[in-house]
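Enquirer: Okay, handing you the structure first.
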Amino acid sequence: MKRLDLIIPELELERVRKALREAGVPGYSVMRHVTGYGAAGVVSEGLEVSGTGANAHVIVFCEPALLGTLRRLLRPLLSTYGGVAFVGDAEPL
Amino acid sequence: MKRLDLIIPELELERVRKALREAGVPGYSVMRHVTGYGAAGVVSEGLEVSGTGANAHVIVFCEPALLGTLRRLLRPLLSTYGGVAFVGDAEPL
Amino acid sequence: MKRLDLIIPELELERVRKALREAGVPGYSVMRHVTGYGAAGVVSEGLEVSGTGANAHVIVFCEPALLGTLRRLLRPLLSTYGGVAFVGDAEPL
Amino acid sequence: MQSSVVLQNLLSPPVLFFVLGIGAVLVRSDLEVPAPLPKLFSLYLLLSIGFKGGVELQHSGLNQQVLLTIGSAVLMSLLVPLSSYWILRRKLDVYNAAAIAAAYGSISAVTFITAESFLETSHLHFDGFMVAALALMESPAIIVGLLLVRALAPRNGDSAEKTVGGWGAVLHEAFLNSSVLLLLGSLLIGLLSAAFSPSGMAKMEPFTGGLFYGALSFFLLDMGIVAAQRLQDLRRAGAFLVGFALLAPVAHALVGLGISRLLGLPQGDALLFMVLCASASYIAVPAAMRMSVPQANPSLYISSALGLTFPFNIVIGIPLYMALVQRVIPVLP
Amino acid sequence: MQSSVVLQNLLSPPVLFFVLGIGAVLVRSDLEVPAPLPKLFSLYLLLSIGFKGGVELQHSGLNQQVLLTIGSAVLMSLLVPLSSYWILRRKLDVYNAAAIAAAYGSISAVTFITAESFLETSHLHFDGFMVAALALMESPAIIVGLLLVRALAPRNGDSAEKTVGGWGAVLHEAFLNSSVLLLLGSLLIGLLSAAFSPSGMAKMEPFTGGLFYGALSFFLLDMGIVAAQRLQDLRRAGAFLVGFALLAPVAHALVGLGISRLLGLPQGDALLFMVLCASASYIAVPAAMRMSVPQANPSLYISSALGLTFPFNIVIGIPLYMALVQRVIPVLP
Amino acid sequence: MQSSVVLQNLLSPPVLFFVLGIGAVLVRSDLEVPAPLPKLFSLYLLLSIGFKGGVELQHSGLNQQVLLTIGSAVLMSLLVPLSSYWILRRKLDVYNAAAIAAAYGSISAVTFITAESFLETSHLHFDGFMVAALALMESPAIIVGLLLVRALAPRNGDSAEKTVGGWGAVLHEAFLNSSVLLLLGSLLIGLLSAAFSPSGMAKMEPFTGGLFYGALSFFLLDMGIVAAQRLQDLRRAGAFLVGFALLAPVAHALVGLGISRLLGLPQGDALLFMVLCASASYIAVPAAMRMSVPQANPSLYISSALGLTFPFNIVIGIPLYMALVQRVIPVLP
Ligand SMILES: Nc1ncnc2c1ncn2[C@@H]1O[C@H](COP(=O)(O)O)[C@@H](O)[C@H]1O
Ligand SMILES: Nc1ncnc2c1ncn2[C@@H]1O[C@H](COP(=O)(O)O)[C@@H](O)[C@H]1O
Ligand SMILES: Nc1ncnc2c1ncn2[C@@H]1O[C@H](COP(=O)(O)O)[C@@H](O)[C@H]1O
Ligand code: NA
Ligand code: NA
Ligand code: NA
């Protein structure tokens with residue numbers, strides 16, 4: 001199994017969720033109110049009061065076979081709206 | 001060392017915490033207000049106002065030797081109340 | 001690429017952030033309001049109202065070459081103020 | 001049914017904000033009240049309603065009428081789950097039937113509060129002890145639901161153990177869950193303050209009193225959003241459950257009306273009694289059921305109680321019951 | 001410019017708490033209002049201002065003056081982005097120029113609210129329909145900004161697709177974003193309550209009325225912190241944008257003053273009209289731009305609107321505009 | 001000690017809700033006020049108390065009595081850590097003794113606020129400048145604690161560096177931590193508003209005044225939960241620290257009573273002065289100590305201040321000190 005970590009601007013979340021469902025992942029988890037720093041600069045909590053919001057952290061545990069589809073669906077979103085996606089290994093307990 | 005990620009309904013949290021202490025893990029961390037999607041359907045923030053709550057994300061870094069005990073203690077909880085548990089590799093910085 | 005997970009008392013956050021920028025990481029993400037248990041005992045939500053706060057979870061994806069600098073900058077912080085740091089593998093999606 | 005009563009309810013700020021919340025979901029707006037803000041409002045409403053109920057209970061005192069009314073309310077919270085189970089079992093398995101039955105035996109504090117506000121804007125009196133009835137109806141329904149599972153569930157393998165768990169945990173969950181505890185605790189505090197600290201009691205007023213109506217309206221905005229989101233779950237549930245979720249409240253309200261008549265309750269109390277019978281729990285009971293009857297599907301009992309029965313009662317039920325009250329219950333001289 | 005007006009504004013609690021928030025960042029204190037508490041206050045302020053505006057709109061009714069004023073406000077929200085784009089394009093690319101232009105065509109509800117509070121403490125009347133103008137100025141500026149991008153952006157490769165996205169999504173974002181929806185919804189609710197549920201309307205008052213000024217002050221404490229943090233971003237933006245962020249509000253306010261004079265608005269409404277023209281959006285427009293014009297740099301449009309124009313208007317702009325109003329607009333008999 | 005004073009305090013809503021919170025933990029209910037809602041209430045209370053104190057300070061002005069009282073309060077915040085250290089050092093190491101000593105030299109704003117509310121419900125006057133004393137007692141105790149560590153800690157290896165860190169950071173933490181800044185800032189804002197913006201000041205009242213007592217009660221519900229959770233940590237602390245946490249407040253209150261008598265303070269101010277001496281910090285000091293004296297064990301200084309001294313003062317201390325005040329301090333003519 002693989003573990004996919006997405007850290008993305010909150011405004012992207014709805015589209016990412018849709019992409020995950022479309023790719024057929026067995027599940028995912030979302031944490032909001034994530035702040036950070038990346039190519040687009042600093043995202044601080046203060047920005048939550050502006051319309052652009054903070055970041056969200058999405059975790060997906062899925063079969064390696066899904067990664068191709070996920071890459072195809074998510075890469076355009078990430079390059080348009082920002083955020084990062086990393087894959088690691090994970091086995092069910 | 002191993003890294004264990006548990007994503008579980010919040011109502012399970014107290015029992016999971018107890019299981020972790022019983023297994024003798026050196027520490028754990030908990031993030032609440034986690035939403036998501038899995039076998040039991042969608043968990044949205046709106047559900048936090050209903051009594052069943054959202055999910056929690058528990059991270060444990062521990063020796064591989066503990067995984068057997070953790071599996072024994074946690075599996076029944078996960079199969080009764082839902083949630084997922086995945087193990088990966090991690091080394092202290 | 002490597003994935004670094006730091007779980008630290010919130011009061012340490014500003015210094016950790018500074019260390020990460022100094023080490024030249026390409027980005028990082030921060031989740032607050034993390035509770036847990038470790039060498040210093042239990043950190044519960046109730047403590048957020050006391051001045052010492054809860055924990056924060058910091059995730060960094062970076063090149064393995066940075067780990068040496070990160071170790072040098074972060075270890076003294078961790079040994080003084082508490083918290084854990086673990087490294088795993090991760091590849092961009 | 002007088003259209004003026006319906007309009008008066010429908011065009012009051014709390015109900016209008018509820019409808020706005022539903023509308024926001026329907027037009028797919030990103031309007032939301034992020035967690036844990038809704039928790040702030042629900043804690044506030046429980047605390048305030050308990051406190052005010054306690055103050056009024058202290059003023060009115062406990063007489064036979066009070067005890068009879070509270071007793072009848074508790075009785076209803078025992079009987080409703082039994083009759084509901086009997087109906088639900090036709091189409092659902094033991095676990096789901098029992099969990100939904102328990103939800104309908106219990107109450108929805110927000111529905112009760114909205115009915116109180118409706119009475120207040122109509123300048124109709126109601127009694128503080130009705131809050132005690134509200135608080136005491138939560139737990140029995142949970143117990144009945146779990147007894148049903150224990151008695152009627154198939155015993156194969158370990159599923160009997162999974163079911164219900166130890167009775168200690170169950171009773172704890174039923175009687176000491178946060179909403180029961182906060183309601184009863186605040187009731188007691190209101191009672192004690194009214195008796196021994198009148199100036200303290202008076203200083204609570206701007207918080208528990210003045211602010212209340214607006215805070216309820218704000219909270220109902222969020223509840224509208226949440227209810228509309230749940231509604232979308234109901235597609236899976238099927239027509240039987242949809243029918244139950246819309247007809248059961250009316251049936252239970254009618255029984256409540258009959259009992260109110262028998263007890264000789266005044267109009268305001270009769271409406272609240274009907275609302276207690278008609279409303280279904282989406283907080284305490286789901287929490288208890290999810291822990292004790294994990295075999296039941298939460299999306300069934302939460303969606304029916306929260307996605308259908310709750311908005312039905314808020315928007316249509318309350319004025320409908322009021323119209324019935326006005327026909328059946330004589331105005332006190 | 002009468003120094004008493006400036007002092008009266010500067011030494012009022014909302015502005016002082018705003019300055020305290022700025023000061024906290026400057027001395028590097030750890031004072032913060034953690035998420036999502038600021039959201040609670042911004043939802044509360046929108047709901048309250050909409051509700052109160054609706055109540056007053058119901059009392060005043062819709063006459064020609066009202067419609068003319070609202071129409072002029074909407075017109076300004078179409079023209080300001082065009083003229084702003086023309087200026088900004090000298091130094092910035094199409095995407096950034098259009099995004100910033102849209103922000104300045106739109107409005108800042110908190111600036112408007114602070115101006116209302118300023119009028120109230122000065123015992124100057126203003127009309128409820130100005131809130132309708134506020135609500136209706138958010139969306140057109142977004143549309144103009146996106147039309148500018150569509151018409152003037154270079155079309156190389158897929159960037160045309162990236163730009164703006166489907167118009168459906170854009171119009172949805174422009175007209176159904178949470179702040180527009182909550183404002184217009186609350187306005188309508190206020191209007192309906194005032195017409196049909198006067199006792200419900202009255203019971204909202206402690207929440208939407210009494211509490212308002214203090215809640216605004218608390219929120220401005222946080223906005224001061226946020227604005228000061230943004231200010232530090234502006235180093236990257238350069239002198240041109242800093243100049244624009246400070247001069248554009250004054251220029252737009254002057255145009256607003258001229259229109260107010262032409263329309264024969266009373267003093268209070270004239271100030272609000274000027275503030276609508278002078279303020280820039282840091283909520284609805286940035287959200288829409290970030291989604292529809294991802295090529296623009298959010299730190300430019302957010303920092304200029306939130307880090308400079310917003311504090312300028314709160315601290316200096318409002319009393320400055322008031323001083324101008326007092327010179328140009330006759331006091332009603 | 002008149003039992004009526006005790007009952008009057010114990011049966012007031014704030015204290016009853018505090019007890020409810022403690023009870024919820026004892027019966028293992030899941031009642032909780034999730035983060036960051038408690039932060040909302042603590043910010044609100046600091047802002048309101050500071051603002052109201054500033055308004056009253058403007059009305060009363062600064063005279064010799066005021067300056068003497070504030071000076072004595074600051075003196076107490078320097079002396080209490082010294083004497084406490086001397087006692088604590090018998091059983092604890094330098095780091096822990098200094099950190100706990102600093103906590104007891106500093107103050108608990110919530111205890112102070114509860115005492116104010118107690119006075120208000122008893123219709124006893126107190127002066128606004130006592131809030132200034134409250135704000136000015138936080139920082140000196142921190143400094144003394146750090147000086148103790150610097151002077152008396154063993155210097156082996158790098159632990160000297162670890163200790164205290166640069167003085168710049170320490171002074172910054174002592175004087176610009178969020179609670180000191182918000183209190184002093186709000187005090188100044190109250191003062192300025194009262195002087196220059198009386199209508200602004202008046203419009204704050206429903207928020208900072210009317211709401212206050214209820215919000216305090218709500219917050220104390222949560223503080224009861226938190227204190228009871230901390231109490232369970234105290235098992236590790238041992239009988240010595242438990243004894244200190246219960247006897248030190250009484251001893252310090254008695255010294256405060258003597259000083260109040262010497263200064264000729266009226267009854268209300270005397271009670272507040274005693275409470276300032278008796279209470280221990282669980283916010284500003286722990287934050288500073290954890291950063292500057294990482295060798296000290298936070299669970300010792302937080303648990304004793306928050307788990308024992310705080311509930312002791314709220315439930316028993318305040319009425320006890322009041323009973324003493326009534327014996328020792330003459331009623332003003
Ligand atoms: N290397 C990284 N490691 C961890 N989080 C990152 C990294 N890069 C970016 N992020 C997160 O992703 C968000 C958006 O990234 P970006 O689009 O690169 O600005 C940032 O605000 C961070 O929260
Ligand atoms: N494959 C997955 N990857 C990440 N999170 C998951 C996954 N499956 C389930 N979850 C999380 O675990 C929660 C409970 O899962 P379940 O019991 O499968 O419904 C979900 O609401 C998700 O937050
Ligand atoms: N082994 C562990 N696995 C996961 N989180 C940990 C672990 N040890 C400590 N933590 C987290 O780090 C925080 C501080 O750790 P400590 O300084 O060891 O008390 C704890 O409160 C936990 O949230
Ligand atoms: Na019921
Ligand atoms: Na504008
Ligand atoms: Na003290």
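Chain labels run A, B, ... following the order of the structure tokens; each chain numbers its residues from 1, and ligands are numbered from 1 in the order shown.
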Would you pick out the contacts of region 326-333 of chain F at 7 Å or less, using only C-alpha atoms, so that residues sharing its chain but fewer than 3 positions from it are not included, and give the list as a short mmCIF file (atom, residue, chain, number, x, y, z; two decimals) with all heavy atoms, in the first residue's frame?
Expert:
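Printed below is selection.cif as written:
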data_model
loop_
_atom_site.label_atom_id
_atom_site.label_comp_id
_atom_site.auth_asym_id
_atom_site.auth_seq_id
_atom_site.Cartn_x
_atom_site.Cartn_y
_atom_site.Cartn_z
N ARG F 261 -4.95 47.37 55.33
CA ARG F 261 -5.27 48.11 56.56
C ARG F 261 -4.38 49.34 56.67
O ARG F 261 -4.83 50.46 56.93
CB ARG F 261 -5.07 47.16 57.75
CG ARG F 261 -5.40 47.72 59.11
CD ARG F 261 -6.90 47.73 59.33
NE ARG F 261 -7.30 48.89 60.12
CZ ARG F 261 -7.69 48.85 61.39
NH1 ARG F 261 -7.80 47.68 62.00
NH2 ARG F 261 -7.99 49.93 62.03
N PRO F 266 -10.54 50.86 51.24
CA PRO F 266 -11.92 50.48 51.56
C PRO F 266 -12.10 48.96 51.39
O PRO F 266 -11.26 48.28 50.80
CB PRO F 266 -12.76 51.25 50.56
CG PRO F 266 -11.84 51.58 49.44
CD PRO F 266 -10.47 51.68 50.03
N GLN F 267 -13.22 48.44 51.89
CA GLN F 267 -13.43 46.99 51.94
C GLN F 267 -13.26 46.30 50.59
O GLN F 267 -12.57 45.29 50.47
CB GLN F 267 -14.81 46.67 52.53
CG GLN F 267 -14.89 46.94 54.02
CD GLN F 267 -16.11 46.27 54.66
OE1 GLN F 267 -17.04 45.86 53.96
NE2 GLN F 267 -16.10 46.14 55.97
N MET F 322 -13.17 37.65 52.43
CA MET F 322 -14.20 38.66 52.65
C MET F 322 -14.60 38.70 54.13
O MET F 322 -14.78 39.78 54.70
CB MET F 322 -15.43 38.33 51.79
CG MET F 322 -16.45 39.44 51.76
SD MET F 322 -15.79 40.91 50.92
CE MET F 322 -16.37 42.19 52.02
N ALA F 323 -14.72 37.51 54.72
CA ALA F 323 -15.07 37.47 56.14
C ALA F 323 -13.99 38.18 56.97
O ALA F 323 -14.29 38.91 57.90
CB ALA F 323 -15.24 36.01 56.58
#
Enquirer: Neighbouring residues of ligand 1 are defined here as those with any atom at most 7 Å from a ligand atom, counting only C-alpha atoms and all ligand atoms; list them as a PyMOL selection string.
Expert: (chain A and resi 7-9+34-43+55+81-84) or (chain C and resi 25-30+59-62)
Enquirer: Just need the residues of chain F within 6 Å of chain C, counting only C-alpha atoms, so spit them out as a list in words.
Expert: Val226, Tyr282, Ile283, Ala284, Pro286 and Ala287 of chain F
Enquirer: How many Å lie between CA of Lys52 (chain D) and CA of Gly190 (chain D), rounded to one decimal?
Expert: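 Rounded to one decimal, the two atoms are 6.2 Å apart.
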Enquirer: Ligand 4: which residues are within 9 Å, counting only C-alpha atoms and all ligand atoms? Reply as a list in words.
Expert: Met76, Ser77, Val80, Pro81, Ala102, Ala103, Tyr104, Gly105, Ser106, Ile107, Ser108, Met137, Glu138, Ala141, Pro249, His252, Ala253, Met274, Val275, Leu276, Cys277, Ala278, Ser279, Ala280 and Ser281 of chain D
Enquirer: Would you write out those residues with N, CA and C atoms, as a PDB file, in the first residue's frame?
Expert:
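Listed below is the output, out_19.pdb:
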ATOM      1  N   MET D  76     -43.532   8.738  28.053  1.00  0.00           N
ATOM      2  CA  MET D  76     -43.533   8.821  26.585  1.00  0.00           C
ATOM      3  C   MET D  76     -42.168   8.430  26.022  1.00  0.00           C
ATOM      4  N   SER D  77     -41.092   8.815  26.719  1.00  0.00           N
ATOM      5  CA  SER D  77     -39.764   8.489  26.201  1.00  0.00           C
ATOM      6  C   SER D  77     -39.460   7.001  26.338  1.00  0.00           C
ATOM      7  N   VAL D  80     -42.524   5.536  23.256  1.00  0.00           N
ATOM      8  CA  VAL D  80     -42.276   5.867  21.846  1.00  0.00           C
ATOM      9  C   VAL D  80     -41.245   4.935  21.211  1.00  0.00           C
ATOM     10  N   PRO D  81     -40.121   4.648  21.882  1.00  0.00           N
ATOM     11  CA  PRO D  81     -39.172   3.720  21.254  1.00  0.00           C
ATOM     12  C   PRO D  81     -39.776   2.339  21.020  1.00  0.00           C
ATOM     13  N   ALA D 102     -34.801   4.561  19.406  1.00  0.00           N
ATOM     14  CA  ALA D 102     -34.285   5.310  20.557  1.00  0.00           C
ATOM     15  C   ALA D 102     -34.200   6.797  20.235  1.00  0.00           C
ATOM     16  N   ALA D 103     -33.749   7.129  19.021  1.00  0.00           N
ATOM     17  CA  ALA D 103     -33.643   8.539  18.646  1.00  0.00           C
ATOM     18  C   ALA D 103     -35.001   9.232  18.735  1.00  0.00           C
ATOM     19  N   TYR D 104     -36.065   8.542  18.294  1.00  0.00           N
ATOM     20  CA  TYR D 104     -37.380   9.177  18.287  1.00  0.00           C
ATOM     21  C   TYR D 104     -38.022   9.211  19.668  1.00  0.00           C
ATOM     22  N   GLY D 105     -37.595   8.327  20.556  1.00  0.00           N
ATOM     23  CA  GLY D 105     -38.070   8.418  21.933  1.00  0.00           C
ATOM     24  C   GLY D 105     -37.442   9.580  22.672  1.00  0.00           C
ATOM     25  N   SER D 106     -36.231   9.902  22.291  1.00  0.00           N
ATOM     26  CA  SER D 106     -35.527  10.999  22.948  1.00  0.00           C
ATOM     27  C   SER D 106     -35.940  12.333  22.327  1.00  0.00           C
ATOM     28  N   ILE D 107     -35.237  13.394  22.627  1.00  0.00           N
ATOM     29  CA  ILE D 107     -35.688  14.732  22.243  1.00  0.00           C
ATOM     30  C   ILE D 107     -34.602  15.515  21.516  1.00  0.00           C
ATOM     31  N   SER D 108     -35.000  16.589  20.897  1.00  0.00           N
ATOM     32  CA  SER D 108     -34.056  17.528  20.296  1.00  0.00           C
ATOM     33  C   SER D 108     -34.181  18.849  21.036  1.00  0.00           C
ATOM     34  N   MET D 137     -35.948  13.258  29.531  1.00  0.00           N
ATOM     35  CA  MET D 137     -36.391  12.362  28.455  1.00  0.00           C
ATOM     36  C   MET D 137     -35.235  11.801  27.628  1.00  0.00           C
ATOM     37  N   GLU D 138     -34.027  12.335  27.830  1.00  0.00           N
ATOM     38  CA  GLU D 138     -32.917  11.868  26.989  1.00  0.00           C
ATOM     39  C   GLU D 138     -32.516  10.433  27.341  1.00  0.00           C
ATOM     40  N   ALA D 141     -34.870   6.785  26.800  1.00  0.00           N
ATOM     41  CA  ALA D 141     -34.980   6.272  25.439  1.00  0.00           C
ATOM     42  C   ALA D 141     -33.728   5.495  25.053  1.00  0.00           C
ATOM     43  N   PRO D 249     -43.277  12.103  13.790  1.00  0.00           N
ATOM     44  CA  PRO D 249     -43.434  13.280  14.655  1.00  0.00           C
ATOM     45  C   PRO D 249     -44.890  13.707  14.807  1.00  0.00           C
ATOM     46  N   HIS D 252     -46.636  11.177  17.112  1.00  0.00           N
ATOM     47  CA  HIS D 252     -46.225  11.345  18.514  1.00  0.00           C
ATOM     48  C   HIS D 252     -46.761  12.645  19.096  1.00  0.00           C
ATOM     49  N   ALA D 253     -46.811  13.674  18.257  1.00  0.00           N
ATOM     50  CA  ALA D 253     -47.344  14.950  18.741  1.00  0.00           C
ATOM     51  C   ALA D 253     -48.817  14.806  19.103  1.00  0.00           C
ATOM     52  N   MET D 274     -45.946  18.444  23.246  1.00  0.00           N
ATOM     53  CA  MET D 274     -46.060  17.847  21.915  1.00  0.00           C
ATOM     54  C   MET D 274     -44.706  17.832  21.207  1.00  0.00           C
ATOM     55  N   VAL D 275     -43.981  18.940  21.330  1.00  0.00           N
ATOM     56  CA  VAL D 275     -42.684  19.036  20.657  1.00  0.00           C
ATOM     57  C   VAL D 275     -41.696  18.024  21.241  1.00  0.00           C
ATOM     58  N   LEU D 276     -41.760  17.823  22.557  1.00  0.00           N
ATOM     59  CA  LEU D 276     -40.882  16.817  23.168  1.00  0.00           C
ATOM     60  C   LEU D 276     -41.182  15.442  22.579  1.00  0.00           C
ATOM     61  N   CYS D 277     -42.465  15.123  22.452  1.00  0.00           N
ATOM     62  CA  CYS D 277     -42.828  13.814  21.891  1.00  0.00           C
ATOM     63  C   CYS D 277     -42.432  13.725  20.422  1.00  0.00           C
ATOM     64  N   ALA D 278     -42.611  14.817  19.691  1.00  0.00           N
ATOM     65  CA  ALA D 278     -42.445  14.780  18.242  1.00  0.00           C
ATOM     66  C   ALA D 278     -40.997  14.809  17.794  1.00  0.00           C
ATOM     67  N   SER D 279     -40.131  15.391  18.613  1.00  0.00           N
ATOM     68  CA  SER D 279     -38.756  15.595  18.143  1.00  0.00           C
ATOM     69  C   SER D 279     -37.916  14.343  18.360  1.00  0.00           C
ATOM     70  N   ALA D 280     -36.844  14.243  17.609  1.00  0.00           N
ATOM     71  CA  ALA D 280     -35.951  13.092  17.694  1.00  0.00           C
ATOM     72  C   ALA D 280     -34.539  13.563  17.975  1.00  0.00           C
ATOM     73  N   SER D 281     -33.797  12.777  18.710  1.00  0.00           N
ATOM     74  CA  SER D 281     -32.452  13.167  19.127  1.00  0.00           C
ATOM     75  C   SER D 281     -31.443  12.943  18.023  1.00  0.00           C
TER      76      SER D 281
END
Enquirer: By how many Å are CA of Pro34 (chain F) and CA of Leu40 (chain D) apart?
Expert: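 Interatomic distance, CA of Pro34 (chain F) to CA of Leu40 (chain D): 8.5 Å.
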Enquirer: Could you please determine the separation between CA of Leu31 (chain F) and CA of Leu47 (chain D) in Å, to one decimal place?
Expert: 12.0 Å
Enquirer: From a DSSP calculation on the backbone, collect every residue of region 30-86 of chain B in alpha helix (DSSP H) and output the set as a PyMOL selection string.
Expert: chain B and resi 67-81
Enquirer: Near chain F, meaning an atom within 10 Å, which residues of chain D appear when counting only C-alpha atoms? Write them as a VMD selection string.
Expert: chain D and resid 35 to 37 39 to 40 43 to 44 47 to 48 51 172 to 173 175 to 182 185 to 186 188 to 211
Enquirer: Measuring between only C-alpha atoms and all ligand atoms, which one of A:Glu91, A:Lys18, A:Leu74, A:Thr69 shows the shortest distance to ligand 2?
Expert: A:Glu91
Enquirer: Here is a test: counting only C-alpha atoms, which residue of A:Arg71, A:Pro92, A:Phe86, A:Leu66 is nearest to chain B?
Expert: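 Going through A:Arg71, A:Pro92, A:Phe86, A:Leu66 one by one, the smallest distance to chain B is for A:Pro92.
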Enquirer: Tell me which protein, DNA and RNA residues are within 12 Å of Gly61 (chain D), counting only C-alpha atoms, leaving out same-chain ones fewer than 4 positions away, and put them as a list in words.
Expert: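 Answer for this query is Gly53, Gly54, Val55, Glu56, Leu57, Gln65, Val66, Leu67, Asp127, Gly128, Phe129, Leu191, Ala194 and Ala195 of chain D.
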Enquirer: Set the distance at 7 Å and use only C-alpha atoms: which residues neighbour region 291-303 of chain F once local chain neighbours fewer than 6 positions away are removed? I'd like the list as an mmCIF file with N, CA, C and O atoms, in the first residue's frame.
Expert:
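Output file out13.cif follows:
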data_model
loop_
_atom_site.group_PDB
_atom_site.id
_atom_site.type_symbol
_atom_site.label_atom_id
_atom_site.label_comp_id
_atom_site.auth_asym_id
_atom_site.auth_seq_id
_atom_site.Cartn_x
_atom_site.Cartn_y
_atom_site.Cartn_z
ATOM 1 N N THR C 80 16.038 20.758 24.628
ATOM 2 C CA THR C 80 15.722 21.768 25.644
ATOM 3 C C THR C 80 14.220 21.849 25.920
ATOM 4 O O THR C 80 13.794 21.878 27.080
ATOM 5 N N TYR C 81 13.434 21.901 24.873
ATOM 6 C CA TYR C 81 12.006 22.173 25.064
ATOM 7 C C TYR C 81 11.103 20.963 24.869
ATOM 8 O O TYR C 81 9.892 21.051 25.046
ATOM 9 N N TYR F 95 15.423 25.095 40.123
ATOM 10 C CA TYR F 95 14.575 25.416 38.979
ATOM 11 C C TYR F 95 13.102 25.364 39.339
ATOM 12 O O TYR F 95 12.336 26.292 39.068
ATOM 13 N N ASN F 96 12.701 24.261 39.947
ATOM 14 C CA ASN F 96 11.286 24.121 40.277
ATOM 15 C C ASN F 96 10.870 25.106 41.366
ATOM 16 O O ASN F 96 9.772 25.675 41.305
ATOM 17 N N ALA F 99 10.460 28.515 39.702
ATOM 18 C CA ALA F 99 9.313 28.604 38.798
ATOM 19 C C ALA F 99 8.012 28.677 39.587
ATOM 20 O O ALA F 99 7.118 29.484 39.280
ATOM 21 N N ILE F 100 7.891 27.847 40.623
ATOM 22 C CA ILE F 100 6.659 27.881 41.428
ATOM 23 C C ILE F 100 6.576 29.206 42.179
ATOM 24 O O ILE F 100 5.505 29.826 42.261
ATOM 25 N N THR F 163 19.452 27.917 30.731
ATOM 26 C CA THR F 163 18.650 28.640 31.691
ATOM 27 C C THR F 163 18.457 30.073 31.247
ATOM 28 O O THR F 163 19.399 30.739 30.847
ATOM 29 N N VAL F 164 17.234 30.515 31.310
ATOM 30 C CA VAL F 164 16.893 31.908 31.163
ATOM 31 C C VAL F 164 17.069 32.434 29.731
ATOM 32 O O VAL F 164 16.239 33.181 29.253
ATOM 33 N N GLY F 165 18.095 31.983 29.000
ATOM 34 C CA GLY F 165 18.296 32.523 27.648
ATOM 35 C C GLY F 165 18.712 33.968 27.727
ATOM 36 O O GLY F 165 19.056 34.470 28.800
ATOM 37 N N VAL F 170 13.783 37.401 27.638
ATOM 38 C CA VAL F 170 13.088 37.254 28.918
ATOM 39 C C VAL F 170 12.248 38.484 29.245
ATOM 40 O O VAL F 170 11.072 38.384 29.600
ATOM 41 N N ARG F 230 -6.180 18.877 36.035
ATOM 42 C CA ARG F 230 -4.841 19.147 36.576
ATOM 43 C C ARG F 230 -4.652 18.507 37.933
ATOM 44 O O ARG F 230 -3.587 18.035 38.279
ATOM 45 N N LEU F 231 -5.729 18.538 38.704
ATOM 46 C CA LEU F 231 -5.673 18.003 40.056
ATOM 47 C C LEU F 231 -5.123 16.586 40.043
ATOM 48 O O LEU F 231 -4.373 16.169 40.936
ATOM 49 N N ASP F 233 -2.949 15.400 38.212
ATOM 50 C CA ASP F 233 -1.485 15.409 38.077
ATOM 51 C C ASP F 233 -0.796 15.513 39.421
ATOM 52 O O ASP F 233 0.382 15.178 39.550
ATOM 53 N N LEU F 234 -1.526 16.030 40.405
ATOM 54 C CA LEU F 234 -0.861 16.406 41.648
ATOM 55 C C LEU F 234 -0.400 15.219 42.464
ATOM 56 O O LEU F 234 0.395 15.366 43.392
ATOM 57 N N ALA F 237 3.044 15.215 42.722
ATOM 58 C CA ALA F 237 3.694 16.369 43.321
ATOM 59 C C ALA F 237 4.034 16.154 44.791
ATOM 60 O O ALA F 237 5.008 16.706 45.300
ATOM 61 N N TYR F 282 -1.334 30.915 36.253
ATOM 62 C CA TYR F 282 -1.202 29.679 35.480
ATOM 63 C C TYR F 282 -1.151 29.996 33.992
ATOM 64 O O TYR F 282 -1.337 29.116 33.162
#
Enquirer: When you count only C-alpha atoms, which of these residues is closest to chain B: A:Ala56, A:Ala19, A:Leu70, A:Leu93?
Expert: A:Leu93
